[in-house]
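Source file: input.pdb (PDB, C-alpha atoms)
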```
ATOM      1  CA  MET I 317      83.208  95.488 133.665
ATOM      2  CA  GLU I 318      84.023  93.981 137.032
ATOM      3  CA  ARG I 319      80.914  94.094 139.231
ATOM      4  CA  ALA I 320      77.174  93.802 138.640
ATOM      5  CA  THR I 321      74.021  93.724 140.745
ATOM      6  CA  ILE I 322      71.181  91.420 139.699
ATOM      7  CA  LEU I 323      67.692  92.355 140.887
ATOM      8  CA  TYR I 324      64.886  89.865 140.283
ATOM      9  CA  HIS I 325      61.102  90.105 140.621
ATOM     10  CA  ALA I 326      60.271  88.065 143.718
ATOM     11  CA  ASN I 327      56.750  87.173 142.557
ATOM     12  CA  LYS I 328      57.743  85.668 139.225
ATOM     13  CA  ALA I 329      58.618  81.984 139.511
ATOM     14  CA  GLU I 330      61.154  82.078 136.694
ATOM     15  CA  ALA I 331      63.007  85.134 138.009
ATOM     16  CA  ALA I 332      65.125  83.631 140.827
ATOM     17  CA  PRO I 333      66.421  80.670 138.742
ATOM     18  CA  LEU I 334      67.215  83.056 135.893
ATOM     19  CA  ALA I 335      69.094  85.349 138.305
ATOM     20  CA  SER I 336      71.267  82.397 139.362
ATOM     21  CA  ALA I 337      71.908  81.490 135.723
ATOM     22  CA  VAL I 338      72.946  85.064 134.910
ATOM     23  CA  GLU I 339      75.218  85.150 137.971
ATOM     24  CA  ARG I 340      76.972  81.922 136.930
ATOM     25  CA  TRP I 341      77.281  83.130 133.331
ATOM     26  CA  LEU I 342      78.879  86.389 134.459
ATOM     27  CA  ALA I 343      81.230  84.607 136.858
ATOM     28  CA  GLY I 344      82.505  82.545 133.932
ATOM     29  CA  ARG I 345      83.482  85.814 132.255
ATOM     30  CA  GLY I 346      85.208  87.335 135.243
ATOM     31  CA  VAL I 347      82.340  89.555 136.390
ATOM     32  CA  GLN I 348      81.428  89.395 140.069
ATOM     33  CA  ALA I 349      77.664  89.656 140.603
ATOM     34  CA  ALA I 350      75.465  89.976 143.683
ATOM     35  CA  ILE I 351      71.825  88.853 143.603
ATOM     36  CA  ALA I 352      69.000  90.610 145.455
ATOM     37  CA  SER I 353      65.226  90.597 145.385
ATOM     38  CA  GLY I 354      63.490  93.662 144.034
ATOM     39  CA  ASP I 355      61.501  93.676 147.265
ATOM     40  CA  ASP I 356      64.702  94.712 149.057
ATOM     41  CA  LEU I 357      65.388  97.662 146.779
ATOM     42  CA  ALA I 358      64.864 100.172 149.591
ATOM     43  CA  SER I 359      67.470  98.578 151.862
ATOM     44  CA  GLU I 360      70.838 100.225 152.475
ATOM     45  CA  THR I 361      72.593  96.970 151.588
ATOM     46  CA  VAL I 362      71.116  96.904 148.089
ATOM     47  CA  HIS I 363      71.833 100.614 147.656
ATOM     48  CA  ARG I 364      75.497  99.986 148.507
ATOM     49  CA  ARG I 365      75.646  97.081 146.069
ATOM     50  CA  ILE I 366      74.222  99.156 143.245
ATOM     51  CA  ALA I 367      76.501 102.104 144.075
ATOM     52  CA  GLY I 368      79.531  99.798 143.861
ATOM     53  CA  SER I 369      78.462  98.170 140.593
ATOM     54  CA  ASP I 370      79.272  98.862 136.964
ATOM     55  CA  LEU I 371      75.880  97.554 135.862
ATOM     56  CA  THR I 372      72.463  96.749 137.347
ATOM     57  CA  ILE I 373      70.613  93.860 135.698
ATOM     58  CA  VAL I 374      66.851  93.837 136.205
ATOM     59  CA  LEU I 375      64.831  90.642 135.763
ATOM     60  CA  GLY I 376      61.202  91.713 135.585
ATOM     61  CA  GLY I 377      58.838  93.978 133.714
ATOM     62  CA  ASP I 378      58.694  97.715 133.206
ATOM     63  CA  GLY I 379      57.458  98.223 136.776
ATOM     64  CA  SER I 380      60.605  96.588 138.148
ATOM     65  CA  THR I 381      62.721  98.731 135.857
ATOM     66  CA  LEU I 382      60.986 101.933 136.986
ATOM     67  CA  ARG I 383      61.629 101.115 140.648
ATOM     68  CA  THR I 384      65.264 100.260 139.974
ATOM     69  CA  ALA I 385      65.877 103.347 137.837
ATOM     70  CA  ARG I 386      64.948 105.665 140.689
ATOM     71  CA  VAL I 387      67.760 104.139 142.762
ATOM     72  CA  ALA I 388      70.378 103.452 140.083
ATOM     73  CA  ALA I 389      70.128 107.011 138.750
ATOM     74  CA  CYS I 390      71.336 108.337 142.109
ATOM     75  CA  TYR I 391      74.639 106.521 141.571
ATOM     76  CA  ASP I 392      74.837 106.926 137.776
ATOM     77  CA  VAL I 393      74.788 103.149 137.303
ATOM     78  CA  PRO I 394      73.275 101.940 134.001
ATOM     79  CA  ILE I 395      70.531  99.320 133.757
ATOM     80  CA  PHE I 396      70.296  96.234 131.569
ATOM     81  CA  GLY I 397      66.781  94.799 131.613
ATOM     82  CA  ILE I 398      65.719  91.221 130.841
ATOM     83  CA  ASN I 399      61.984  91.322 130.245
ATOM     84  CA  LEU I 400      59.783  89.012 132.291
ATOM     85  CA  GLY I 401      56.725  91.231 132.013
ATOM     86  CA  ARG I 402      53.977  91.749 129.454
ATOM     87  CA  VAL I 403      55.411  94.640 127.420
ATOM     88  CA  GLY I 404      59.027  95.405 128.275
ATOM     89  CA  PHE I 405      59.421  98.801 126.614
ATOM     90  CA  LEU I 406      62.454  99.525 128.795
ATOM     91  CA  SER I 407      64.159  96.118 128.681
ATOM     92  CA  GLU I 408      67.065  95.328 126.406
ATOM     93  CA  ALA I 409      66.710  91.538 126.241
ATOM     94  CA  GLU I 410      64.203  88.704 126.427
ATOM     95  CA  PRO I 411      64.761  85.385 128.229
ATOM     96  CA  ALA I 412      65.564  83.759 124.877
ATOM     97  CA  ASP I 413      68.392  86.107 123.873
ATOM     98  CA  TRP I 414      69.921  87.586 127.045
ATOM     99  CA  ARG I 415      73.217  85.687 126.658
ATOM    100  CA  ARG I 416      73.924  87.135 123.227
ATOM    101  CA  ARG I 417      73.044  90.668 124.237
ATOM    102  CA  LEU I 418      74.767  90.559 127.612
ATOM    103  CA  ALA I 419      77.900  89.151 125.936
ATOM    104  CA  ALA I 420      78.083  92.290 123.808
ATOM    105  CA  VAL I 421      77.850  94.394 126.973
ATOM    106  CA  VAL I 422      80.625  92.469 128.748
ATOM    107  CA  GLU I 423      82.804  92.863 125.648
ATOM    108  CA  GLY I 424      82.183  96.627 125.609
ATOM    109  CA  ASP I 425      80.038  96.676 122.469
ATOM    110  CA  TYR I 426      77.217  98.870 123.770
ATOM    111  CA  TRP I 427      76.126 102.474 124.212
ATOM    112  CA  ILE I 428      74.457 104.363 127.045
ATOM    113  CA  GLU I 429      71.035 105.921 126.646
ATOM    114  CA  ARG I 430      70.142 108.627 129.175
ATOM    115  CA  ARG I 431      66.538 109.461 129.982
ATOM    116  CA  LEU I 432      64.913 112.425 131.673
ATOM    117  CA  MET I 433      63.403 111.923 135.130
ATOM    118  CA  LEU I 434      60.950 114.038 137.126
ATOM    119  CA  ASN I 435      60.872 115.382 140.660
ATOM    120  CA  CYS I 436      57.460 116.098 142.162
ATOM    121  CA  ARG I 437      56.412 117.737 145.418
ATOM    122  CA  ALA I 438      52.986 118.084 147.025
ATOM    123  CA  TYR I 439      52.413 121.331 148.925
ATOM    124  CA  ARG I 440      49.705 122.323 151.373
ATOM    125  CA  GLY I 441      50.196 126.023 151.738
ATOM    126  CA  GLN I 442      53.934 126.552 152.067
ATOM    127  CA  THR I 443      54.564 123.099 153.544
ATOM    128  CA  CYS I 444      55.980 120.311 151.390
ATOM    129  CA  LEU I 445      54.222 117.118 152.511
ATOM    130  CA  ALA I 446      55.564 114.626 149.956
ATOM    131  CA  GLU I 447      58.373 114.371 147.429
ATOM    132  CA  HIS I 448      58.958 111.635 144.854
ATOM    133  CA  VAL I 449      61.022 110.886 141.758
ATOM    134  CA  ALA I 450      59.532 109.431 138.561
ATOM    135  CA  LEU I 451      60.865 108.095 135.280
ATOM    136  CA  ASN I 452      57.497 107.733 133.513
ATOM    137  CA  ASP I 453      55.078 110.291 134.851
ATOM    138  CA  VAL I 454      53.424 112.200 137.661
ATOM    139  CA  VAL I 455      49.637 111.979 137.679
ATOM    140  CA  VAL I 456      47.133 114.090 139.604
ATOM    141  CA  SER I 457      43.785 112.300 139.465
ATOM    142  CA  ARG I 458      40.441 111.772 141.144
ATOM    143  CA  GLY I 459      39.940 109.130 143.803
ATOM    144  CA  SER I 460      37.335 106.360 143.955
ATOM    145  CA  GLN I 461      34.394 108.666 143.267
ATOM    146  CA  ALA I 462      33.575 109.180 139.595
ATOM    147  CA  ARG I 463      33.605 112.973 139.858
ATOM    148  CA  VAL I 464      35.810 115.358 137.922
ATOM    149  CA  LEU I 465      38.448 117.679 139.325
ATOM    150  CA  ARG I 466      39.200 121.299 138.526
ATOM    151  CA  LEU I 467      42.916 121.424 137.820
ATOM    152  CA  HIS I 468      44.635 124.781 137.413
ATOM    153  CA  LEU I 469      47.788 124.407 135.317
ATOM    154  CA  TYR I 470      50.638 126.878 135.844
ATOM    155  CA  VAL I 471      53.873 126.879 133.832
ATOM    156  CA  ASP I 472      56.706 128.945 135.269
ATOM    157  CA  ASN I 473      54.193 130.521 137.688
ATOM    158  CA  ASP I 474      51.875 131.717 134.890
ATOM    159  CA  LEU I 475      48.343 130.290 134.691
ATOM    160  CA  VAL I 476      47.957 128.447 131.371
ATOM    161  CA  THR I 477      44.472 126.977 131.670
ATOM    162  CA  THR I 478      42.026 125.234 133.988
ATOM    163  CA  TYR I 479      40.937 121.696 133.226
ATOM    164  CA  THR I 480      37.729 120.009 134.264
ATOM    165  CA  ALA I 481      38.870 116.420 133.979
ATOM    166  CA  ASP I 482      39.514 113.095 135.669
ATOM    167  CA  GLY I 483      43.188 113.961 135.939
ATOM    168  CA  LEU I 484      46.309 115.486 134.487
ATOM    169  CA  ILE I 485      49.477 113.648 133.454
ATOM    170  CA  VAL I 486      52.940 115.213 133.438
ATOM    171  CA  ALA I 487      55.144 112.762 131.568
ATOM    172  CA  THR I 488      58.705 112.375 130.355
ATOM    173  CA  PRO I 489      59.413 111.112 126.827
ATOM    174  CA  THR I 490      59.777 107.681 128.450
ATOM    175  CA  GLY I 491      56.304 108.061 129.942
ATOM    176  CA  SER I 492      54.835 109.174 126.622
ATOM    177  CA  THR I 493      54.453 105.473 125.733
ATOM    178  CA  ALA I 494      52.649 104.679 129.002
ATOM    179  CA  TYR I 495      49.565 106.317 130.576
ATOM    180  CA  ALA I 496      50.028 109.451 128.461
ATOM    181  CA  MET I 497      49.715 107.395 125.274
ATOM    182  CA  ALA I 498      46.538 105.740 126.594
ATOM    183  CA  ALA I 499      45.122 109.215 127.244
ATOM    184  CA  GLY I 500      45.757 110.254 123.636
ATOM    185  CA  GLY I 501      49.105 112.000 123.987
ATOM    186  CA  PRO I 502      51.896 112.042 121.369
ATOM    187  CA  LEU I 503      54.792 109.579 121.351
ATOM    188  CA  LEU I 504      58.172 111.189 122.023
ATOM    189  CA  PRO I 505      61.553 109.528 121.380
ATOM    190  CA  PRO I 506      63.581 108.981 124.557
ATOM    191  CA  GLN I 507      66.457 111.316 123.645
ATOM    192  CA  LEU I 508      64.188 114.352 123.969
ATOM    193  CA  LEU I 509      64.199 116.280 127.239
ATOM    194  CA  ASN I 510      60.703 117.750 127.033
ATOM    195  CA  LEU I 511      57.921 117.555 129.591
ATOM    196  CA  LEU I 512      54.526 116.441 128.316
ATOM    197  CA  VAL I 513      51.185 117.489 129.856
ATOM    198  CA  VAL I 514      48.134 115.391 128.915
ATOM    199  CA  PRO I 515      44.609 115.694 130.360
ATOM    200  CA  VAL I 516      42.617 112.578 131.275
ATOM    201  CA  ALA I 517      38.999 112.652 130.050
ATOM    202  CA  PRO I 518      38.699 116.466 129.877
ATOM    203  CA  HIS I 519      35.173 117.870 129.844
ATOM    204  CA  LEU I 520      34.616 121.180 128.018
ATOM    205  CA  SER I 521      38.323 121.888 128.521
ATOM    206  CA  LEU I 522      41.516 121.905 126.486
ATOM    207  CA  ASP I 523      41.759 118.362 125.121
ATOM    208  CA  ARG I 524      45.188 118.543 123.512
ATOM    209  CA  ALA I 525      48.581 117.637 124.914
ATOM    210  CA  VAL I 526      51.026 120.436 125.704
ATOM    211  CA  ILE I 527      54.777 119.916 125.222
ATOM    212  CA  LEU I 528      57.042 122.003 127.454
ATOM    213  CA  HIS I 529      60.759 122.697 127.603
ATOM    214  CA  GLU I 530      62.964 120.705 129.979
ATOM    215  CA  LYS I 531      63.429 123.528 132.504
ATOM    216  CA  ALA I 532      59.728 124.294 132.849
ATOM    217  CA  VAL I 533      58.244 124.427 136.335
ATOM    218  CA  VAL I 534      54.814 122.788 136.184
ATOM    219  CA  THR I 535      52.376 123.490 139.022
ATOM    220  CA  ILE I 536      48.955 121.895 139.321
ATOM    221  CA  GLN I 537      46.506 123.254 141.878
ATOM    222  CA  VAL I 538      43.592 120.962 142.656
ATOM    223  CA  GLU I 539      40.064 122.093 143.406
ATOM    224  CA  MET I 540      37.394 119.578 144.445
ATOM    225  CA  ASP I 541      35.024 118.566 147.237
ATOM    226  CA  HIS I 542      36.040 114.905 147.264
ATOM    227  CA  GLU I 543      39.278 112.907 147.185
ATOM    228  CA  ALA I 544      42.213 113.207 144.799
ATOM    229  CA  SER I 545      45.773 111.903 144.688
ATOM    230  CA  MET I 546      49.243 112.411 143.286
ATOM    231  CA  ALA I 547      51.033 109.353 141.906
ATOM    232  CA  ALA I 548      54.651 109.069 140.728
ATOM    233  CA  ASP I 549      55.163 106.228 138.229
ATOM    234  CA  GLY I 550      51.902 104.772 139.535
ATOM    235  CA  GLN I 551      53.860 103.360 142.475
ATOM    236  CA  GLN I 552      54.275 106.226 144.945
ATOM    237  CA  THR I 553      51.058 107.969 145.960
ATOM    238  CA  PHE I 554      49.922 110.835 148.177
ATOM    239  CA  ALA I 555      46.359 111.915 149.049
ATOM    240  CA  LEU I 556      45.520 115.506 148.121
ATOM    241  CA  GLU I 557      43.058 117.998 149.559
ATOM    242  CA  SER I 558      41.356 120.861 147.759
ATOM    243  CA  GLY I 559      43.787 123.742 147.381
ATOM    244  CA  ASP I 560      46.904 121.554 147.427
ATOM    245  CA  GLN I 561      49.533 122.153 144.779
ATOM    246  CA  VAL I 562      51.728 119.652 142.965
ATOM    247  CA  GLU I 563      55.006 120.954 141.520
ATOM    248  CA  VAL I 564      56.811 118.959 138.833
ATOM    249  CA  ILE I 565      60.273 119.733 137.468
ATOM    250  CA  SER I 566      63.074 117.867 135.715
ATOM    251  CA  HIS I 567      65.188 115.866 138.127
ATOM    252  CA  ASP I 568      68.907 116.552 138.417
ATOM    253  CA  ASP I 569      69.693 112.856 137.819
ATOM    254  CA  GLN I 570      68.943 110.940 134.656
ATOM    255  CA  ALA I 571      68.286 107.230 134.248
ATOM    256  CA  SER I 572      70.885 105.344 132.197
ATOM    257  CA  PHE I 573      70.192 102.260 130.102
ATOM    258  CA  VAL I 574      72.631  99.942 128.353
ATOM    259  CA  ARG I 575      71.706  99.476 124.709
ATOM    260  CA  VAL I 576      73.115  97.035 122.169
ATOM    261  CA  GLY I 577      72.980  97.714 118.456
ATOM    262  CA  ASN I 578      71.375 100.446 116.381
ATOM    263  CA  LYS I 579      70.582 103.770 118.037
ATOM    264  CA  SER I 580      67.344 104.013 116.050
ATOM    265  CA  TYR I 581      66.005 100.918 117.837
ATOM    266  CA  PHE I 582      63.214 102.882 119.555
ATOM    267  CA  TYR I 583      60.892 103.136 116.561
ATOM    268  CA  HIS I 584      61.192  99.449 115.632
ATOM    269  CA  ARG I 585      60.674  98.368 119.227
ATOM    270  CA  LEU I 586      57.708 100.701 119.685
ATOM    271  CA  MET I 587      55.931  99.359 116.608
ATOM    272  CA  GLU I 588      56.762  95.784 117.591
ATOM    273  CA  LYS I 589      55.404  96.191 121.130
ATOM    274  CA  LEU I 590      52.266  97.879 119.793
ATOM    275  CA  GLY I 591      51.757  95.074 117.290
ATOM    276  CA  PHE I 592      52.279  97.195 114.168
ATOM    277  CA  TRP I 593      55.756  96.062 113.118
ATOM    278  CA  HIS I 594      56.295  93.557 110.309
ATOM    279  CA  PRO I 595      59.743  92.305 109.150
ATOM    280  CA  LYS I 596      59.093  93.485 105.588
ATOM    281  CA  GLY I 597      57.650  96.824 106.597
ATOM    282  CA  LEU I 598      54.408  98.272 107.842
ATOM    283  CA  SER I 599      51.039  97.405 106.357
TER
END
```
Can you give me the file's structure in the form of structure tokens?
Amino acid sequence: MERATILYHANKAEAAPLASAVERWLAGRGVQAAIASGDDLASETVHRRIAGSDLTIVLGGDGSTLRTARVAACYDVPIFGINLGRVGFLSEAEPADWRRRLAAVVEGDYWIERRLMLNCRAYRGQTCLAEHVALNDVVVSRGSQARVLRLHLYVDNDLVTTYTADGLIVATPTGSTAYAMAAGGPLLPPQLLNLLVVPVAPHLSLDRAVILHEKAVVTIQVEMDHEASMAADGQQTFALESGDQVEVISHDDQASFVRVGNKSYFYHRLMEKLGFWHPKGLS
């Protein structure tokens, strides 16, 4: 490893000092690192830095990691996350142990975990009005009015069912531990490549999650007389009108994460983050 990019959460007081500490630590081990604020992630300069790096280090929570993954995946650069957020499902280290874990990475004692991403497009007629990439999920949901939507779900151009619901989630296995889990969906390990469809508060409609194959083309047509929206990772949104269609497919790029240690880490970490894990077993 020769070059790294460090991205820190600009609104967390501890993030900038920690970024400087990581930069100095890496320099002492012969790794050149550039520091940038996560607020500048859209700039061409930061894109060039990431593209020329062997590793992107994210100092923040899962939201910061989601934003970074959408850029780093374009250049096939893996991510090492140091959690400064509340949960940190995607991070590999905490502020207390980042030196030990990052040392293993610098010494080459790590493995790469690849995760499915989604591409979504919003169509009005034959015109594509918005296109986004997501690591967690794409959500079609109602706006500020507490009124349900009619959501027609098509898979590979065949109508599967129509939901009367607050929304519909199309998630990756990564996203199965996020909004989809809160809506009652199953938890999928990250190595799977399936798409997961979960309704939000369905009324007299199918109330079970549907798991689809990785090449499925998911189309959601909205029907309502009020406002609705499409959101990718909860960070990129687009207002929808009645009759609009949202198409979701697997993205050509995959997000890459640097992992240290056992490849079965996911289950332990999941139970720990959910508060169910005990050192001597579950109870």
Which residue gives the smallest distance to I:His542 among I:Arg524, I:His448, I:Arg364, I:Arg466, with all atoms listed in the file counted?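 Among I:Arg524, I:His448, I:Arg364, I:Arg466, it is I:Arg466 that comes nearest to I:His542.
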For I:Tyr583, the nearest of the candidates I:Leu504, I:Val449, I:Ala350, I:Leu484, counting all atoms listed in the file: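 Of I:Leu504, I:Val449, I:Ala350, I:Leu484, the one nearest I:Tyr583 is I:Leu504, counting all atoms listed in the file.
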Quote the spacing between atom CA of I:Ile322 and atom CA of I:Thr384 in Å to one decimal place.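 Straight-line distance from atom CA of I:Ile322 to atom CA of I:Thr384 works out to 10.6 Å.
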May I have the residues within 6 Å of I:Ala487 as a list of chain:residue names, using all atoms listed in the file and disregarding those fewer than 2 positions away in the same chain?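 Selected residues are I:Asn452, I:Asp453, I:Gly491, I:Leu511, I:Leu512.
Taking atom CA of I:Thr553 and atom CA of I:Ser353 as endpoints, the distance between them is 22.4 Å.
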The residues within 12 Å of (63.1, 102.3, 120.9), using only C-alpha atoms and the coordinates of the file, should be reported as a PyMOL selection string; which are they? chain I and resi 404-408+429+489-490+493+503-507+573+575-590
7 Å contact set for I:Ala326, only C-alpha atoms, chain neighbours under 5 positions out, as a PyMOL selection string: chain I and resi 331+353-355
When distances are computed from only C-alpha atoms, which of I:Arg437, I:Arg402, I:Arg415, I:Arg383 shows the smallest separation from I:Met546?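 Using only C-alpha atoms, I:Met546 sits closest to I:Arg437.
The neighbours of I:Ile527 here are the residues that come within 12 Å of it, using only C-alpha atoms and leaving out any residue fewer than 3 positions away in the same chain; they are I:Val471, I:Ile485, I:Val486, I:Ala487, I:Thr488, I:Pro489, I:Ser492, I:Ala496, I:Gly501, I:Pro502, I:Leu503, I:Leu504, I:Leu508, I:Leu509, I:Asn510, I:Leu511, I:Leu512, I:Val513, I:Val514, I:Arg524, I:Glu530, I:Lys531, I:Ala532, I:Val534.
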Write the residues of the selection above to a file with C-alpha atoms, as an mmCIF file, in the coordinates of the input.
```
data_model
loop_
_atom_site.group_PDB
_atom_site.id
_atom_site.type_symbol
_atom_site.label_atom_id
_atom_site.label_comp_id
_atom_site.auth_asym_id
_atom_site.auth_seq_id
_atom_site.Cartn_x
_atom_site.Cartn_y
_atom_site.Cartn_z
ATOM 1 C CA VAL I 471 53.873 126.879 133.832
ATOM 2 C CA ILE I 485 49.477 113.648 133.454
ATOM 3 C CA VAL I 486 52.940 115.213 133.438
ATOM 4 C CA ALA I 487 55.144 112.762 131.568
ATOM 5 C CA THR I 488 58.705 112.375 130.355
ATOM 6 C CA PRO I 489 59.413 111.112 126.827
ATOM 7 C CA SER I 492 54.835 109.174 126.622
ATOM 8 C CA ALA I 496 50.028 109.451 128.461
ATOM 9 C CA GLY I 501 49.105 112.000 123.987
ATOM 10 C CA PRO I 502 51.896 112.042 121.369
ATOM 11 C CA LEU I 503 54.792 109.579 121.351
ATOM 12 C CA LEU I 504 58.172 111.189 122.023
ATOM 13 C CA LEU I 508 64.188 114.352 123.969
ATOM 14 C CA LEU I 509 64.199 116.280 127.239
ATOM 15 C CA ASN I 510 60.703 117.750 127.033
ATOM 16 C CA LEU I 511 57.921 117.555 129.591
ATOM 17 C CA LEU I 512 54.526 116.441 128.316
ATOM 18 C CA VAL I 513 51.185 117.489 129.856
ATOM 19 C CA VAL I 514 48.134 115.391 128.915
ATOM 20 C CA ARG I 524 45.188 118.543 123.512
ATOM 21 C CA GLU I 530 62.964 120.705 129.979
ATOM 22 C CA LYS I 531 63.429 123.528 132.504
ATOM 23 C CA ALA I 532 59.728 124.294 132.849
ATOM 24 C CA VAL I 534 54.814 122.788 136.184
#
```
Residues in the PyMOL selection byres ((chain I and resi 414) around 12), expressed as a PyMOL selection string: chain I and resi 334-335+337-338+341-342+373-375+396-400+407-413+415-422+576
Under the rule that only C-alpha atoms are counted, which of I:Glu339, I:Asp560, I:Glu318, I:Glu360 is the nearest residue to I:Glu423? I:Glu318
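Distances here use all atoms listed in the file; by that measure, the residue among I:Met433, I:Ile565, I:Ala385, I:Ala499 closest to I:Ala517 is I:Ala499.
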Residues near I:Ala320, cut-off 7 Å, only C-alpha atoms, skip fewer than 2 positions along chain, as a ChimeraX atom specification: /I:322,348-350,369-372
Could you expand the PyMOL selection byres ((chain I and resi 554) around 12) into the explicit residues it covers here, written as an MDAnalysis selection string? chainID I and resid 436:440 444:448 454:459 543:548 550:553 555:557 560:562
Pick out the closest residue to I:Asp392 from this set: I:Asp523, I:Glu539, I:Asp568, I:Asp425. Count only C-alpha atoms.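 With only C-alpha atoms as the atom set, the closest residue is I:Asp568.
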Have a look at atom CA of I:Thr443 and atom CA of I:His468 and let me know their distance in Å, one decimal. 19.0 Å
Completion step: stretch 533-546 of chain I with N, CA, C and O atoms as an mmCIF file, in the coordinates of the input:
```
data_model
loop_
_atom_site.group_PDB
_atom_site.id
_atom_site.type_symbol
_atom_site.label_atom_id
_atom_site.label_comp_id
_atom_site.auth_asym_id
_atom_site.auth_seq_id
_atom_site.Cartn_x
_atom_site.Cartn_y
_atom_site.Cartn_z
ATOM 1 N N VAL I 533 58.773 124.750 135.010
ATOM 2 C CA VAL I 533 58.244 124.427 136.335
ATOM 3 C C VAL I 533 56.731 124.288 136.187
ATOM 4 O O VAL I 533 56.031 125.255 135.895
ATOM 5 N N VAL I 534 56.234 123.081 136.358
ATOM 6 C CA VAL I 534 54.814 122.788 136.184
ATOM 7 C C VAL I 534 54.165 122.722 137.560
ATOM 8 O O VAL I 534 54.611 121.972 138.430
ATOM 9 N N THR I 535 53.114 123.504 137.753
ATOM 10 C CA THR I 535 52.376 123.490 139.022
ATOM 11 C C THR I 535 50.912 123.204 138.732
ATOM 12 O O THR I 535 50.310 123.837 137.859
ATOM 13 N N ILE I 536 50.362 122.256 139.462
ATOM 14 C CA ILE I 536 48.955 121.895 139.321
ATOM 15 C C ILE I 536 48.272 122.136 140.659
ATOM 16 O O ILE I 536 48.655 121.544 141.680
ATOM 17 N N GLN I 537 47.292 123.005 140.665
ATOM 18 C CA GLN I 537 46.506 123.254 141.878
ATOM 19 C C GLN I 537 45.164 122.550 141.733
ATOM 20 O O GLN I 537 44.472 122.707 140.725
ATOM 21 N N VAL I 538 44.827 121.750 142.735
ATOM 22 C CA VAL I 538 43.592 120.962 142.656
ATOM 23 C C VAL I 538 42.451 121.678 143.377
ATOM 24 O O VAL I 538 42.654 122.344 144.396
ATOM 25 N N GLU I 539 41.266 121.525 142.805
ATOM 26 C CA GLU I 539 40.064 122.093 143.406
ATOM 27 C C GLU I 539 38.967 121.041 143.316
ATOM 28 O O GLU I 539 38.613 120.595 142.216
ATOM 29 N N MET I 540 38.438 120.594 144.445
ATOM 30 C CA MET I 540 37.394 119.578 144.445
ATOM 31 C C MET I 540 36.752 119.516 145.826
ATOM 32 O O MET I 540 37.255 120.118 146.785
ATOM 33 N N ASP I 541 35.647 118.775 145.934
ATOM 34 C CA ASP I 541 35.024 118.566 147.237
ATOM 35 C C ASP I 541 34.983 117.077 147.575
ATOM 36 O O ASP I 541 34.118 116.607 148.309
ATOM 37 N N HIS I 542 35.922 116.338 146.990
ATOM 38 C CA HIS I 542 36.040 114.905 147.264
ATOM 39 C C HIS I 542 37.515 114.561 147.247
ATOM 40 O O HIS I 542 38.360 115.443 147.415
ATOM 41 N N GLU I 543 37.877 113.307 147.061
ATOM 42 C CA GLU I 543 39.278 112.907 147.185
ATOM 43 C C GLU I 543 40.023 112.974 145.855
ATOM 44 O O GLU I 543 39.444 112.831 144.782
ATOM 45 N N ALA I 544 41.324 113.209 145.960
ATOM 46 C CA ALA I 544 42.213 113.207 144.799
ATOM 47 C C ALA I 544 43.573 112.696 145.265
ATOM 48 O O ALA I 544 43.830 112.572 146.469
ATOM 49 N N SER I 545 44.462 112.422 144.307
ATOM 50 C CA SER I 545 45.773 111.903 144.688
ATOM 51 C C SER I 545 46.833 112.299 143.679
ATOM 52 O O SER I 545 46.526 112.628 142.528
ATOM 53 N N MET I 546 48.066 112.265 144.141
ATOM 54 C CA MET I 546 49.243 112.411 143.286
ATOM 55 C C MET I 546 49.938 111.070 143.239
ATOM 56 O O MET I 546 50.116 110.420 144.272
#
```
